[in-house]
file run.txt (compact mmCIF, C-alpha atoms)
# COMPACT_ATOMS: atom_id res chain seq x y z
CA MET A 801 102.43 78.61 140.57
CA PRO A 802 104.57 75.45 140.16
CA THR A 803 106.44 74.87 136.92
CA VAL A 804 107.06 71.61 135.07
CA LEU A 805 109.66 71.23 132.31
CA ILE A 806 108.67 68.82 129.51
CA ILE A 807 111.62 67.50 127.48
CA ASP A 808 110.24 65.61 124.48
CA ASP A 809 110.96 65.86 120.75
CA ASN A 810 107.36 64.94 119.96
CA ALA A 811 105.53 68.26 119.80
CA ALA A 812 102.13 66.59 120.07
CA VAL A 813 103.10 64.95 123.36
CA ALA A 814 104.52 68.18 124.75
CA ILE A 815 101.43 70.20 123.77
CA ALA A 816 99.06 67.61 125.25
CA LEU A 817 100.95 67.70 128.53
CA GLU A 818 101.08 71.48 128.51
CA VAL A 819 97.30 71.71 128.06
CA LEU A 820 96.71 69.11 130.78
CA PHE A 821 98.86 71.01 133.26
CA SER A 822 97.26 74.34 132.44
CA LEU A 823 93.90 72.90 133.50
CA HIS A 824 95.39 72.22 136.95
CA ASP A 825 97.16 75.57 137.50
CA ILE A 826 100.60 74.23 136.66
CA ASP A 827 102.90 76.14 134.33
CA ALA A 828 104.75 74.14 131.68
CA LEU A 829 107.96 74.79 129.77
CA ARG A 830 108.81 72.80 126.63
CA ALA A 831 112.13 71.61 125.26
CA ALA A 832 112.57 69.46 122.17
CA SER A 833 116.05 68.12 122.99
CA PRO A 834 118.24 67.31 125.98
CA GLU A 835 120.45 70.30 125.20
CA GLU A 836 117.51 72.69 125.12
CA GLY A 837 116.10 71.17 128.31
CA LEU A 838 119.38 71.59 130.21
CA ALA A 839 119.64 75.18 129.00
CA LEU A 840 116.12 75.93 130.26
CA LEU A 841 116.98 74.43 133.63
CA GLU A 842 119.92 76.79 133.94
CA ARG A 843 117.83 79.93 133.52
CA SER A 844 114.40 78.93 134.85
CA ARG A 845 112.95 77.88 138.21
CA VAL A 846 111.55 74.39 137.67
CA ASP A 847 109.80 72.19 140.22
CA LEU A 848 109.74 68.95 138.24
CA VAL A 849 110.96 67.49 134.94
CA ILE A 850 109.10 65.10 132.64
CA GLN A 851 111.48 63.67 130.05
CA ASP A 852 111.25 61.25 127.16
CA MET A 853 113.69 58.35 126.84
CA ASN A 854 114.52 58.74 123.13
CA PHE A 855 115.17 61.82 120.99
CA SER A 856 116.84 60.65 117.78
CA ALA A 857 114.85 59.14 114.93
CA ASP A 858 114.78 55.34 114.76
CA THR A 859 116.29 55.07 118.28
CA THR A 860 114.52 52.94 120.90
CA SER A 861 117.34 51.96 123.28
CA GLY A 862 116.57 54.64 125.86
CA GLU A 863 120.27 55.51 126.15
CA GLU A 864 119.64 59.18 125.35
CA GLY A 865 117.06 59.41 128.09
CA GLU A 866 119.39 57.71 130.55
CA GLN A 867 122.20 60.14 129.74
CA LEU A 868 119.84 63.11 130.13
CA PHE A 869 118.52 61.83 133.44
CA ARG A 870 122.00 61.28 134.86
CA GLU A 871 123.08 64.77 133.78
CA ILE A 872 120.01 66.34 135.41
CA ARG A 873 120.66 64.30 138.56
CA ARG A 874 124.32 65.42 138.58
CA ARG A 875 123.43 69.11 138.23
CA TYR A 876 120.21 69.16 140.27
CA PRO A 877 120.27 66.18 142.67
CA ASP A 878 117.04 67.16 144.43
CA LEU A 879 114.94 67.89 141.33
CA PRO A 880 112.26 65.19 140.77
CA VAL A 881 112.30 63.61 137.30
CA ILE A 882 109.48 61.55 135.77
CA LEU A 883 110.37 59.36 132.80
CA LEU A 884 108.04 58.92 129.80
CA THR A 885 108.56 55.39 128.55
CA ALA A 886 107.51 52.97 125.85
CA TRP A 887 107.54 49.21 126.23
CA THR A 888 110.88 48.98 124.38
CA HIS A 889 112.77 50.73 127.18
CA LEU A 890 110.64 49.98 130.24
CA ASP A 891 113.48 48.03 131.90
CA ALA A 892 115.80 51.02 131.50
CA ALA A 893 113.21 53.28 133.14
CA VAL A 894 112.77 50.88 136.05
CA GLY A 895 116.55 50.84 136.50
CA LEU A 896 116.65 54.64 136.57
CA VAL A 897 113.90 54.73 139.20
CA LYS A 898 116.14 52.54 141.35
CA SER A 899 118.86 55.14 140.74
CA GLY A 900 116.70 58.00 141.94
CA ALA A 901 114.13 58.89 139.28
CA ALA A 902 110.88 59.96 140.91
CA ASP A 903 108.62 57.76 138.74
CA TYR A 904 107.98 56.54 135.22
CA LEU A 905 104.89 56.71 133.03
CA SER A 906 104.07 54.48 130.12
CA LYS A 907 102.70 55.97 126.92
CA PRO A 908 99.82 56.56 126.59
CA TRP A 909 99.49 57.82 130.14
CA ASN A 910 96.50 58.14 132.43
CA ASP A 911 95.77 61.86 132.93
CA ASN A 912 94.41 61.49 136.46
CA ARG A 913 97.30 59.39 137.62
CA LEU A 914 99.82 61.74 136.01
CA ILE A 915 98.33 64.80 137.69
CA ALA A 916 98.20 63.01 141.05
CA THR A 917 101.84 61.97 140.72
CA VAL A 918 103.02 65.41 139.64
CA THR A 919 101.05 67.18 142.38
CA ASN A 920 102.39 64.84 145.06
CA LEU A 921 105.98 65.24 143.90
CA ILE A 922 105.73 69.03 143.67
CA GLU A 923 104.25 69.27 147.16
CA LEU A 924 106.92 66.92 148.48
CA GLY A 925 109.62 68.97 146.77
CA GLN A 926 108.31 72.22 148.22
CA ALA A 927 108.23 70.66 151.68
CA ASN A 928 111.78 69.35 151.24
CA ARG A 929 113.03 72.76 150.11
CA ALA A 930 111.40 74.42 153.11
CA LEU A 931 112.98 71.82 155.37
CA ALA A 932 116.38 72.27 153.73
CA GLN A 933 116.10 76.04 154.19
CA ARG A 934 115.20 75.60 157.83
CA VAL A 935 118.07 73.18 158.38
CA LYS A 936 120.47 75.60 156.68
CA GLN A 937 119.26 78.43 158.89
CA GLU A 938 119.57 76.29 162.03
CA ARG A 939 123.12 75.31 161.05
CA ARG A 940 124.02 78.95 160.52
CA GLN A 941 122.54 79.91 163.89
CA ARG A 942 124.35 77.04 165.59
CA HIS A 943 127.63 78.08 163.99
CA GLU A 944 127.13 81.66 165.18
CA LEU A 945 126.42 80.44 168.71
CA GLU A 946 129.47 78.19 168.80
CA GLU A 947 131.73 80.86 167.29
CA ASN A 948 130.62 83.80 169.41
CA PHE A 949 129.79 82.33 172.82
CA ASP A 950 131.18 79.98 175.44
CA LEU A 951 128.55 77.23 175.62
CA ARG A 952 130.29 75.21 178.34
CA GLY A 953 130.22 72.00 176.34
CA MET A 954 126.44 72.12 175.90
CA VAL A 955 125.13 69.25 173.76
CA TRP A 956 121.94 69.93 171.83
CA SER A 957 120.24 69.61 168.46
CA ASP A 958 116.59 70.48 169.05
CA PRO A 959 115.41 73.94 167.89
CA ALA A 960 113.61 74.47 171.21
CA THR A 961 116.90 74.20 173.09
CA GLU A 962 118.64 76.43 170.59
CA ARG A 963 116.06 79.17 171.16
CA VAL A 964 116.78 79.06 174.89
CA LEU A 965 120.53 79.20 174.23
CA HIS A 966 120.13 82.21 171.93
CA LEU A 967 118.15 84.08 174.56
CA ALA A 968 120.55 83.06 177.35
CA CYS A 969 123.53 84.38 175.40
CA GLN A 970 121.64 87.50 174.44
CA VAL A 971 120.84 88.44 178.05
CA ALA A 972 124.15 87.25 179.51
CA ARG A 973 125.83 90.67 179.32
CA ALA A 974 122.84 92.54 180.76
CA ASP A 975 123.19 93.07 184.50
CA VAL A 976 119.68 91.82 185.30
CA PRO A 977 118.30 88.87 187.28
CA VAL A 978 117.30 85.83 185.23
CA LEU A 979 114.77 83.14 186.16
CA ILE A 980 115.19 79.72 184.55
CA SER A 981 112.07 77.58 184.77
CA GLY A 982 111.49 73.96 183.86
CA PRO A 983 111.10 70.47 185.33
CA ASN A 984 113.81 68.85 187.43
CA GLY A 985 116.69 67.37 185.48
CA THR A 986 116.30 69.49 182.34
CA GLY A 987 119.68 71.23 182.63
CA LYS A 988 118.82 74.54 184.28
CA GLU A 989 122.20 74.78 186.03
CA ARG A 990 124.02 74.34 182.70
CA ILE A 991 122.07 77.30 181.27
CA ALA A 992 123.05 79.34 184.33
CA GLU A 993 126.71 78.41 183.73
CA ILE A 994 126.43 79.60 180.13
CA ILE A 995 124.97 82.93 181.25
CA GLN A 996 127.83 83.34 183.73
CA ALA A 997 130.48 82.35 181.14
CA ASN A 998 129.30 85.05 178.73
CA SER A 999 128.60 87.79 181.25
CA ALA A 1000 130.62 90.81 182.32
CA VAL A 1001 131.49 88.89 185.53
CA ARG A 1002 132.69 85.75 183.75
CA ASP A 1003 135.98 85.85 185.68
CA GLY A 1004 134.21 86.05 189.03
CA PRO A 1005 133.00 83.12 191.14
CA PHE A 1006 130.01 80.97 190.17
CA VAL A 1007 128.32 79.90 193.40
CA VAL A 1008 125.42 77.43 193.58
CA LEU A 1009 122.85 77.01 196.33
CA ASN A 1010 120.08 74.44 196.02
CA CYS A 1011 117.33 75.89 198.20
CA GLY A 1012 115.47 72.58 198.10
CA ALA A 1013 118.35 70.56 199.55
CA LEU A 1014 118.48 72.35 202.93
CA PRO A 1015 116.10 72.61 205.89
CA SER A 1016 114.25 75.92 205.76
CA GLU A 1017 115.87 77.08 209.00
CA LEU A 1018 119.36 76.79 207.46
CA ILE A 1019 118.72 78.40 204.07
CA GLU A 1020 119.08 81.97 205.38
CA ALA A 1021 122.37 81.13 207.06
CA GLU A 1022 123.60 79.58 203.80
CA LEU A 1023 122.56 82.65 201.83
CA PHE A 1024 123.61 85.46 204.11
CA GLY A 1025 126.07 83.86 206.54
CA ALA A 1026 125.90 83.84 210.33
CA ASP A 1027 127.85 85.17 213.25
CA ALA A 1028 128.97 82.86 216.03
CA GLY A 1029 126.05 81.99 218.30
CA ALA A 1030 123.40 83.06 215.79
CA TYR A 1031 121.76 79.66 216.08
CA THR A 1032 122.30 76.38 217.87
CA GLY A 1033 125.54 74.82 216.70
CA ALA A 1034 126.95 78.04 215.19
CA SER A 1035 130.21 77.99 217.14
CA LYS A 1036 132.00 80.36 214.78
CA ALA A 1037 131.16 82.95 212.14
CA ARG A 1038 130.54 81.67 208.65
CA GLU A 1039 130.43 83.31 205.25
CA GLY A 1040 127.23 83.08 203.24
CA LYS A 1041 126.76 82.42 199.55
CA PHE A 1042 126.24 86.10 198.74
CA GLU A 1043 129.65 86.98 200.16
CA ALA A 1044 131.24 84.01 198.37
CA ALA A 1045 129.69 85.15 195.08
CA ASP A 1046 130.76 88.80 195.39
CA GLY A 1047 131.99 89.94 191.98
CA GLY A 1048 130.40 86.97 190.23
CA THR A 1049 127.17 84.99 189.94
CA LEU A 1050 124.96 83.30 192.53
CA PHE A 1051 122.73 80.54 191.16
CA LEU A 1052 119.74 79.84 193.40
CA ASP A 1053 118.16 76.55 192.39
CA GLU A 1054 114.62 75.64 193.51
CA ILE A 1055 113.99 79.23 194.57
CA GLY A 1056 110.40 78.30 195.44
CA ASN A 1057 111.68 76.55 198.58
CA LEU A 1058 113.02 79.79 200.08
CA PRO A 1059 111.00 80.66 203.22
CA LEU A 1060 109.13 83.98 203.35
CA ALA A 1061 111.63 85.57 205.75
CA GLY A 1062 114.46 84.65 203.40
CA GLN A 1063 112.47 85.93 200.44
CA MET A 1064 112.18 89.34 202.07
CA LYS A 1065 115.94 89.51 202.71
CA LEU A 1066 116.68 88.30 199.17
CA LEU A 1067 114.48 91.05 197.75
CA ARG A 1068 116.43 93.66 199.75
CA VAL A 1069 119.76 92.32 198.48
CA LEU A 1070 118.52 92.40 194.89
CA GLU A 1071 117.36 95.99 195.28
CA THR A 1072 120.27 97.42 197.32
CA GLY A 1073 123.10 94.90 197.33
CA ARG A 1074 123.05 95.08 201.16
CA PHE A 1075 122.36 92.43 203.83
CA GLU A 1076 123.30 91.35 207.34
CA ARG A 1077 124.52 88.00 208.52
CA LEU A 1078 122.23 86.14 210.93
CA GLY A 1079 122.91 87.39 214.45
CA SER A 1080 124.68 90.51 213.22
CA ASN A 1081 123.68 94.16 212.94
CA ARG A 1082 126.57 95.04 210.61
CA GLU A 1083 125.47 95.71 207.08
CA ARG A 1084 127.51 94.22 204.27
CA GLN A 1085 127.68 95.29 200.62
CA VAL A 1086 128.08 92.92 197.65
CA LYS A 1087 127.85 93.07 193.87
CA VAL A 1088 126.31 89.79 192.71
CA ARG A 1089 124.52 88.67 189.54
CA VAL A 1090 121.60 86.48 190.67
CA ILE A 1091 120.26 83.70 188.48
CA SER A 1092 117.44 81.66 189.98
CA ALA A 1093 115.69 78.48 188.87
CA THR A 1094 112.47 76.75 189.72
CA ASN A 1095 110.40 73.73 188.81
CA ALA A 1096 107.46 75.13 190.79
CA ASP A 1097 104.49 77.19 189.66
CA LEU A 1098 105.49 80.45 191.32
CA ALA A 1099 102.30 82.19 190.17
CA ALA A 1100 100.25 79.56 192.05
CA MET A 1101 102.49 79.99 195.09
CA ILE A 1102 101.85 83.74 195.01
CA ARG A 1103 98.10 83.09 195.02
CA ALA A 1104 98.58 80.71 197.93
CA GLY A 1105 100.59 83.32 199.85
CA THR A 1106 103.80 81.24 199.97
CA PHE A 1107 105.86 83.33 197.55
CA ARG A 1108 106.23 87.10 197.48
CA GLU A 1109 104.83 88.74 194.34
CA ASP A 1110 107.33 91.61 194.49
CA LEU A 1111 110.23 89.12 194.62
CA PHE A 1112 108.77 87.17 191.71
CA TYR A 1113 108.73 90.24 189.47
CA ARG A 1114 112.22 91.18 190.65
CA LEU A 1115 113.56 87.73 189.75
CA ASN A 1116 111.47 87.36 186.62
CA LEU A 1117 112.79 90.31 184.62
CA ILE A 1118 114.02 87.74 182.08
CA GLU A 1119 112.59 84.20 182.10
CA LEU A 1120 114.09 81.27 180.22
CA ARG A 1121 111.82 78.24 179.94
CA LEU A 1122 113.46 74.84 179.50
CA ALA A 1123 111.09 72.25 178.08
CA PRO A 1124 111.03 68.62 179.30
CA LEU A 1125 113.40 66.35 177.38
CA ALA A 1126 110.47 64.52 175.75
CA ALA A 1127 109.31 67.85 174.26
CA ARG A 1128 112.69 68.41 172.59
CA PRO A 1129 113.33 65.02 170.98
CA GLY A 1130 116.12 66.34 168.80
CA ASP A 1131 118.32 66.46 171.90
CA ILE A 1132 117.81 62.84 172.97
CA LEU A 1133 120.25 60.98 170.72
CA PRO A 1134 123.04 63.62 170.78
CA LEU A 1135 122.86 63.66 174.58
CA ALA A 1136 122.70 59.86 174.77
CA ASN A 1137 125.81 59.53 172.62
CA SER A 1138 127.63 62.14 174.70
CA PHE A 1139 126.94 60.06 177.82
CA LEU A 1140 128.24 56.80 176.35
CA ALA A 1141 131.46 55.47 177.80
CA GLY A 1142 134.17 53.20 176.46
CA GLY A 1143 133.63 53.93 172.78
CA LYS A 1144 130.31 52.08 172.72
CA GLN A 1145 127.63 52.71 170.11
CA LEU A 1146 123.85 52.56 170.02
CA ALA A 1147 122.08 49.98 167.88
CA PRO A 1148 119.17 51.31 165.77
CA ALA A 1149 116.68 49.50 168.02
CA ALA A 1150 118.23 51.18 171.07
CA GLU A 1151 117.93 54.59 169.41
CA ALA A 1152 114.26 53.88 168.68
CA ALA A 1153 113.69 52.87 172.31
CA LEU A 1154 115.33 56.07 173.56
CA LEU A 1155 113.16 58.19 171.28
CA ALA A 1156 110.00 56.36 172.35
CA HIS A 1157 110.60 56.69 176.10
CA GLY A 1158 108.80 59.49 177.96
CA TRP A 1159 111.83 60.60 180.09
CA PRO A 1160 110.00 61.69 183.26
CA GLY A 1161 113.44 62.28 184.81
CA ASN A 1162 114.61 64.31 181.80
CA VAL A 1163 118.34 64.68 181.06
CA ARG A 1164 119.33 63.38 184.49
CA GLU A 1165 117.44 60.13 183.84
CA LEU A 1166 118.96 59.80 180.37
CA LYS A 1167 122.46 60.22 181.79
CA ASN A 1168 121.83 57.49 184.35
CA VAL A 1169 120.37 55.14 181.75
CA MET A 1170 123.38 55.56 179.45
CA ALA A 1171 125.85 55.12 182.30
CA ARG A 1172 124.17 51.85 183.32
CA ALA A 1173 123.96 50.60 179.73
CA SER A 1174 127.63 51.43 179.09
CA LEU A 1175 128.55 49.40 182.14
CA LEU A 1176 126.31 46.39 181.57
CA ALA A 1177 126.35 45.95 177.76
CA ALA A 1178 128.35 42.83 176.88
CA GLY A 1179 129.84 44.17 173.67
CA PRO A 1180 130.63 47.46 171.92
CA VAL A 1181 127.03 47.87 170.69
CA ILE A 1182 124.27 48.84 173.11
CA ASN A 1183 120.97 47.14 172.25
CA ALA A 1184 117.47 48.10 173.39
CA ALA A 1185 117.50 45.46 176.13
CA ASP A 1186 120.68 46.94 177.61
CA LEU A 1187 118.90 50.21 178.35
CA GLY A 1188 116.60 48.71 180.96
CA LEU A 1189 113.66 50.82 179.80
CA PRO A 1190 110.03 49.66 180.08
CA ALA A 1191 109.11 47.22 177.32
CA SER A 1192 106.53 49.66 175.95
CA ALA A 1193 109.29 52.17 175.27
CA ALA A 1194 110.84 49.93 172.62
CA PRO A 1195 108.48 49.93 169.63
CA ALA A 1196 108.32 46.80 167.57
CA LEU A 1197 109.98 47.08 164.20
CA ASP A 1198 107.45 47.40 161.42
CA ALA A 1199 107.04 44.18 159.49
CA GLU A 1200 107.71 44.25 155.80
CA PRO A 1201 104.40 44.72 153.96
CA ASP A 1202 103.15 41.58 152.26
CA ARG A 1203 101.74 41.23 148.75
CA ASP A 1204 98.13 41.95 149.77
CA THR A 1205 99.08 45.02 151.79
CA ILE A 1206 101.05 46.47 148.87
CA ALA A 1207 98.26 45.68 146.41
CA GLN A 1208 95.69 47.39 148.63
CA ALA A 1209 97.92 50.47 149.00
CA LEU A 1210 98.35 50.68 145.21
CA SER A 1211 94.60 50.34 144.74
CA ARG A 1212 93.87 53.13 147.22
CA ALA A 1213 96.44 55.32 145.46
CA HIS A 1214 94.95 54.54 142.01
CA GLY A 1215 98.27 53.11 140.92
CA VAL A 1216 100.36 56.13 141.96
CA VAL A 1217 103.47 54.48 143.38
CA ALA A 1218 104.66 57.63 145.15
CA GLN A 1219 101.39 57.85 147.10
CA ALA A 1220 101.29 54.12 147.87
CA ALA A 1221 104.88 54.25 149.15
CA ALA A 1222 104.03 57.17 151.41
CA ASP A 1223 101.01 55.31 152.80
CA LEU A 1224 103.21 52.29 153.55
CA GLY A 1225 105.98 54.37 155.10
CA LEU A 1226 108.46 53.40 152.37
CA SER A 1227 110.51 55.24 149.79
CA ARG A 1228 109.46 54.77 146.16
CA GLN A 1229 112.66 52.84 145.49
CA ALA A 1230 111.98 50.51 148.43
CA LEU A 1231 108.43 49.87 147.22
CA TYR A 1232 109.65 49.15 143.69
CA ARG A 1233 112.10 46.59 145.08
CA ARG A 1234 109.35 44.87 147.07
CA MET A 1235 107.02 44.86 144.06
CA GLU A 1236 109.74 43.33 141.91
CA ARG A 1237 110.55 40.71 144.54
CA LEU A 1238 106.88 39.79 145.02
CA GLY A 1239 106.11 39.82 141.29
CA ILE A 1240 103.61 42.68 141.50
CA ALA A 1241 103.14 44.27 138.09
CA ARG A 1242 102.87 48.03 137.88
CA ALA A 1243 99.85 49.37 135.98
CA GLY A 1244 100.74 50.88 132.65
call {"tool": "encode", "arguments": {"input": "run.txt", "output": "structure tokens"}}
result
Amino acid sequence: MPTVLIIDDNAAVAIALEVLFSLHDIDALRAASPEEGLALLERSRVDLVIQDMNFSADTTSGEEGEQLFREIRRRYPDLPVILLTAWTHLDAAVGLVKSGAADYLSKPWNDNRLIATVTNLIELGQANRALAQRVKQERRQRHELEENFDLRGMVWSDPATERVLHLACQVARADVPVLISGPNGTGKERIAEIIQANSAVRDGPFVVLNCGALPSELIEAELFGADAGAYTGASKAREGKFEAADGGTLFLDEIGNLPLAGQMKLLRVLETGRFERLGSNRERQVKVRVISATNADLAAMIRAGTFREDLFYRLNLIELRLAPLAARPGDILPLANSFLAGGKQLAPAAEAALLAHGWPGNVRELKNVMARASLLAAGPVINAADLGLPASAAPALDAEPDRDTIAQALSRAHGVVAQAAADLGLSRQALYRRMERLGIARAG
């Protein structure tokens, strides 16, 4: 149950508020002075404070309330504070709202509006605390990753990417095949490099073969090597990727392009470590960690008879799934900034355009966009137009709400400024500034 601390020297006010809150399942603590209120805050869990502006007899300046508010803000910067005001110190309360107070209420208050304001602020505070806890946990996990593993300069911020990194580092030392799946351009090779860098064979070679970049008739020769005369044009013996990767890691990208004959030989190597070069009967022995990657639906290929099911399960002992860049938006701006050249910076509108774009080409497309923008931008700041993205990717900046829009939002929120601000996509302080500039009076 949430708890509100009422700091007011008027016992009748405190009791009335306490009864009101009890009817809405909100606990209330009472303090008759600033000193007592601060002491309660030290030993009690409080979700929100409601404080008066004056505590001494015959004092109406509001200075005591201002001092109390600033002390609460100093000690508990995230704790929402609602000010109870009288007309004599309304200006002081408005000034404190601009300094970070959650809201102010004139005496006598409206019960419904007070409960709505308190409920909104408590829910917002709980959400903020949960977010802060999650951010703290993510920072701790990131620190542990960076301290304990070689991440090969990986740039990321999105939790989805961090989960893949955690799993990649966790399985790196296990001598098992790993399959990395995900669309083209998502960074599958970088994940393979991280697995290699943290494996027991980190000092061995890291050999890459893109099975989709070669004609099918040459893939086997690339993998297993060939003796002279094994095929047309093979004038001398050549070493294959498995031999080159002996004692290290072989990364097979676009494994779905491997022909069935090559799949059968690959399965044998994975099971025994043995193979023959094309055109040779001599068996060779290697010790290689195989990491494969695919952007294809291997399960559908198995159903179609174009990929061996036994090889799939041999490769798929551990699968790491990399999401498209658009599905991990937290990575977009850190990656974009890492790709910038010449000390250039992104304008806010450019950042918005990057976040709005769908990135069908994933990280590879982002890298190309930033390289082009770095080259073509006239000055040190890259604007949205410099990115060359479709016009629809750059959302128009929201116009400042006019007087009628603000009045309608306040009406819908029954005068609760916090709710109206949320509806308008503004902070309470920003809404107060607009109301003051437009001469919109706040209901008492």
call {"tool": "atom_distance", "arguments": {"input": "run.txt", "atom1": "CA of Val935 (chain A)", "atom2": "CA of Asp958 (chain A)"}}
result
11.1 Å
call {"tool": "atom_distance", "arguments": {"input": "run.txt", "atom1": "CA of Arg1233 (chain A)", "atom2": "CA of Glu871 (chain A)"}}
result
24.1 Å
call {"tool": "residues_around", "arguments": {"input": "run.txt", "residues": "region 1025-1031 of chain A", "least_positions_apart": "4", "cutoff": "7 Å", "atoms": "all atoms listed in the file", "output": "list of chain:residue names"}}
result
A:Ala1021, A:Ser1035, A:Lys1036, A:Ala1037, A:Arg1038, A:Glu1039, A:Gly1040, A:Arg1077, A:Leu1078, A:Gly1079, A:Ser1080
call {"tool": "residues_around", "arguments": {"input": "run.txt", "residues": "Val1181 (chain A)", "least_positions_apart": "3", "cutoff": "7 Å", "atoms": "all atoms listed in the file", "output": "list in words"}}
result
Lys1144, Gln1145, Leu1146 and Ala1147 of chain A
call {"tool": "atom_distance", "arguments": {"input": "run.txt", "atom1": "CA of Leu1066 (chain A)", "atom2": "CA of Glu1119 (chain A)"}}
result
18.0 Å
call {"tool": "residues_around", "arguments": {"input": "run.txt", "residues": "Pro983 (chain A)", "least_positions_apart": "5", "cutoff": "8 Å", "atoms": "only C-alpha atoms", "output": "list in words"}}
result
Thr1094, Asn1095, Leu1122, Ala1123, Pro1124 and Asn1162 of chain A
call {"tool": "closest_residue", "arguments": {"input": "run.txt", "among": "A:Ala1093, A:Ala828, A:Leu1226, A:Val849", "to": "Val1008 (chain A)", "atoms": "all atoms listed in the file"}}
result
A:Ala1093
call {"tool": "residues_around", "arguments": {"input": "run.txt", "residues": "Gln1085 (chain A)", "least_positions_apart": "4", "cutoff": "9 Å", "atoms": "only C-alpha atoms", "output": "count of residues only"}}
result
8
call {"tool": "residues_near_point", "arguments": {"input": "run.txt", "point": "(100.2, 62.3, 144.2)", "cutoff": "12 Å", "atoms": "all atoms listed in the file", "output": "PyMOL selection string"}}
result
chain A and resi 902-903+912-925+1210+1212-1223
call {"tool": "write_last_selection", "arguments": {"input": "run.txt", "atoms": "C-alpha atoms", "output": "short mmCIF file (atom, residue, chain, number, x, y, z; two decimals), in the frame of the given file"}}
result
data_model
loop_
_atom_site.label_atom_id
_atom_site.label_comp_id
_atom_site.auth_asym_id
_atom_site.auth_seq_id
_atom_site.Cartn_x
_atom_site.Cartn_y
_atom_site.Cartn_z
CA ALA A 902 110.88 59.96 140.91
CA ASP A 903 108.62 57.76 138.74
CA ASN A 912 94.41 61.49 136.46
CA ARG A 913 97.30 59.39 137.62
CA LEU A 914 99.82 61.74 136.01
CA ILE A 915 98.33 64.80 137.69
CA ALA A 916 98.20 63.01 141.05
CA THR A 917 101.84 61.97 140.72
CA VAL A 918 103.02 65.41 139.64
CA THR A 919 101.05 67.18 142.38
CA ASN A 920 102.39 64.84 145.06
CA LEU A 921 105.98 65.24 143.90
CA ILE A 922 105.73 69.03 143.67
CA GLU A 923 104.25 69.27 147.16
CA LEU A 924 106.92 66.92 148.48
CA GLY A 925 109.62 68.97 146.77
CA LEU A 1210 98.35 50.68 145.21
CA ARG A 1212 93.87 53.13 147.22
CA ALA A 1213 96.44 55.32 145.46
CA HIS A 1214 94.95 54.54 142.01
CA GLY A 1215 98.27 53.11 140.92
CA VAL A 1216 100.36 56.13 141.96
CA VAL A 1217 103.47 54.48 143.38
CA ALA A 1218 104.66 57.63 145.15
CA GLN A 1219 101.39 57.85 147.10
CA ALA A 1220 101.29 54.12 147.87
CA ALA A 1221 104.88 54.25 149.15
CA ALA A 1222 104.03 57.17 151.41
CA ASP A 1223 101.01 55.31 152.80
#
call {"tool": "residues_around", "arguments": {"input": "run.txt", "residues": "Val813 (chain A)", "least_positions_apart": "5", "cutoff": "12 Å", "atoms": "all atoms listed in the file", "output": "PDB file with C-alpha atoms, in the coordinates of the input"}}
result
ATOM      1  CA  ILE A 806     108.670  68.820 129.510  1.00  0.00           C
ATOM      2  CA  ILE A 807     111.620  67.500 127.480  1.00  0.00           C
ATOM      3  CA  ASP A 808     110.240  65.610 124.480  1.00  0.00           C
ATOM      4  CA  GLU A 818     101.080  71.480 128.510  1.00  0.00           C
ATOM      5  CA  VAL A 819      97.300  71.710 128.060  1.00  0.00           C
ATOM      6  CA  LEU A 820      96.710  69.110 130.780  1.00  0.00           C
ATOM      7  CA  ARG A 830     108.810  72.800 126.630  1.00  0.00           C
ATOM      8  CA  ALA A 831     112.130  71.610 125.260  1.00  0.00           C
ATOM      9  CA  ALA A 832     112.570  69.460 122.170  1.00  0.00           C
ATOM     10  CA  ILE A 850     109.100  65.100 132.640  1.00  0.00           C
ATOM     11  CA  GLN A 851     111.480  63.670 130.050  1.00  0.00           C
ATOM     12  CA  ASP A 852     111.250  61.250 127.160  1.00  0.00           C
ATOM     13  CA  LEU A 884     108.040  58.920 129.800  1.00  0.00           C
ATOM     14  CA  LYS A 907     102.700  55.970 126.920  1.00  0.00           C
ATOM     15  CA  PRO A 908      99.820  56.560 126.590  1.00  0.00           C
ATOM     16  CA  TRP A 909      99.490  57.820 130.140  1.00  0.00           C
TER      17      TRP A 909
END
call {"tool": "closest_residue", "arguments": {"input": "run.txt", "among": "A:Gln941, A:Gln926, A:Ser999, A:Ser1211", "to": "Pro880 (chain A)", "atoms": "only C-alpha atoms"}}
result
A:Gln926
call {"tool": "build_atoms", "arguments": {"input": "run.txt", "residues": "region 1165-1170 of chain A", "atoms": "N, CA and C atoms", "output": "PDB file, in the coordinates of the input"}}
result
ATOM      1  N   GLU A1165     117.801  61.541 184.026  1.00  0.00           N
ATOM      2  CA  GLU A1165     117.440  60.130 183.840  1.00  0.00           C
ATOM      3  C   GLU A1165     118.179  59.541 182.648  1.00  0.00           C
ATOM      4  N   LEU A1166     118.260  60.284 181.561  1.00  0.00           N
ATOM      5  CA  LEU A1166     118.960  59.800 180.370  1.00  0.00           C
ATOM      6  C   LEU A1166     120.430  59.517 180.686  1.00  0.00           C
ATOM      7  N   LYS A1167     121.054  60.417 181.426  1.00  0.00           N
ATOM      8  CA  LYS A1167     122.460  60.220 181.790  1.00  0.00           C
ATOM      9  C   LYS A1167     122.637  58.944 182.595  1.00  0.00           C
ATOM     10  N   ASN A1168     121.745  58.701 183.536  1.00  0.00           N
ATOM     11  CA  ASN A1168     121.830  57.490 184.350  1.00  0.00           C
ATOM     12  C   ASN A1168     121.609  56.230 183.512  1.00  0.00           C
ATOM     13  N   VAL A1169     120.646  56.291 182.608  1.00  0.00           N
ATOM     14  CA  VAL A1169     120.370  55.140 181.750  1.00  0.00           C
ATOM     15  C   VAL A1169     121.584  54.801 180.890  1.00  0.00           C
ATOM     16  N   MET A1170     122.227  55.811 180.322  1.00  0.00           N
ATOM     17  CA  MET A1170     123.380  55.560 179.450  1.00  0.00           C
ATOM     18  C   MET A1170     124.581  55.074 180.251  1.00  0.00           C
TER      19      MET A1170
END
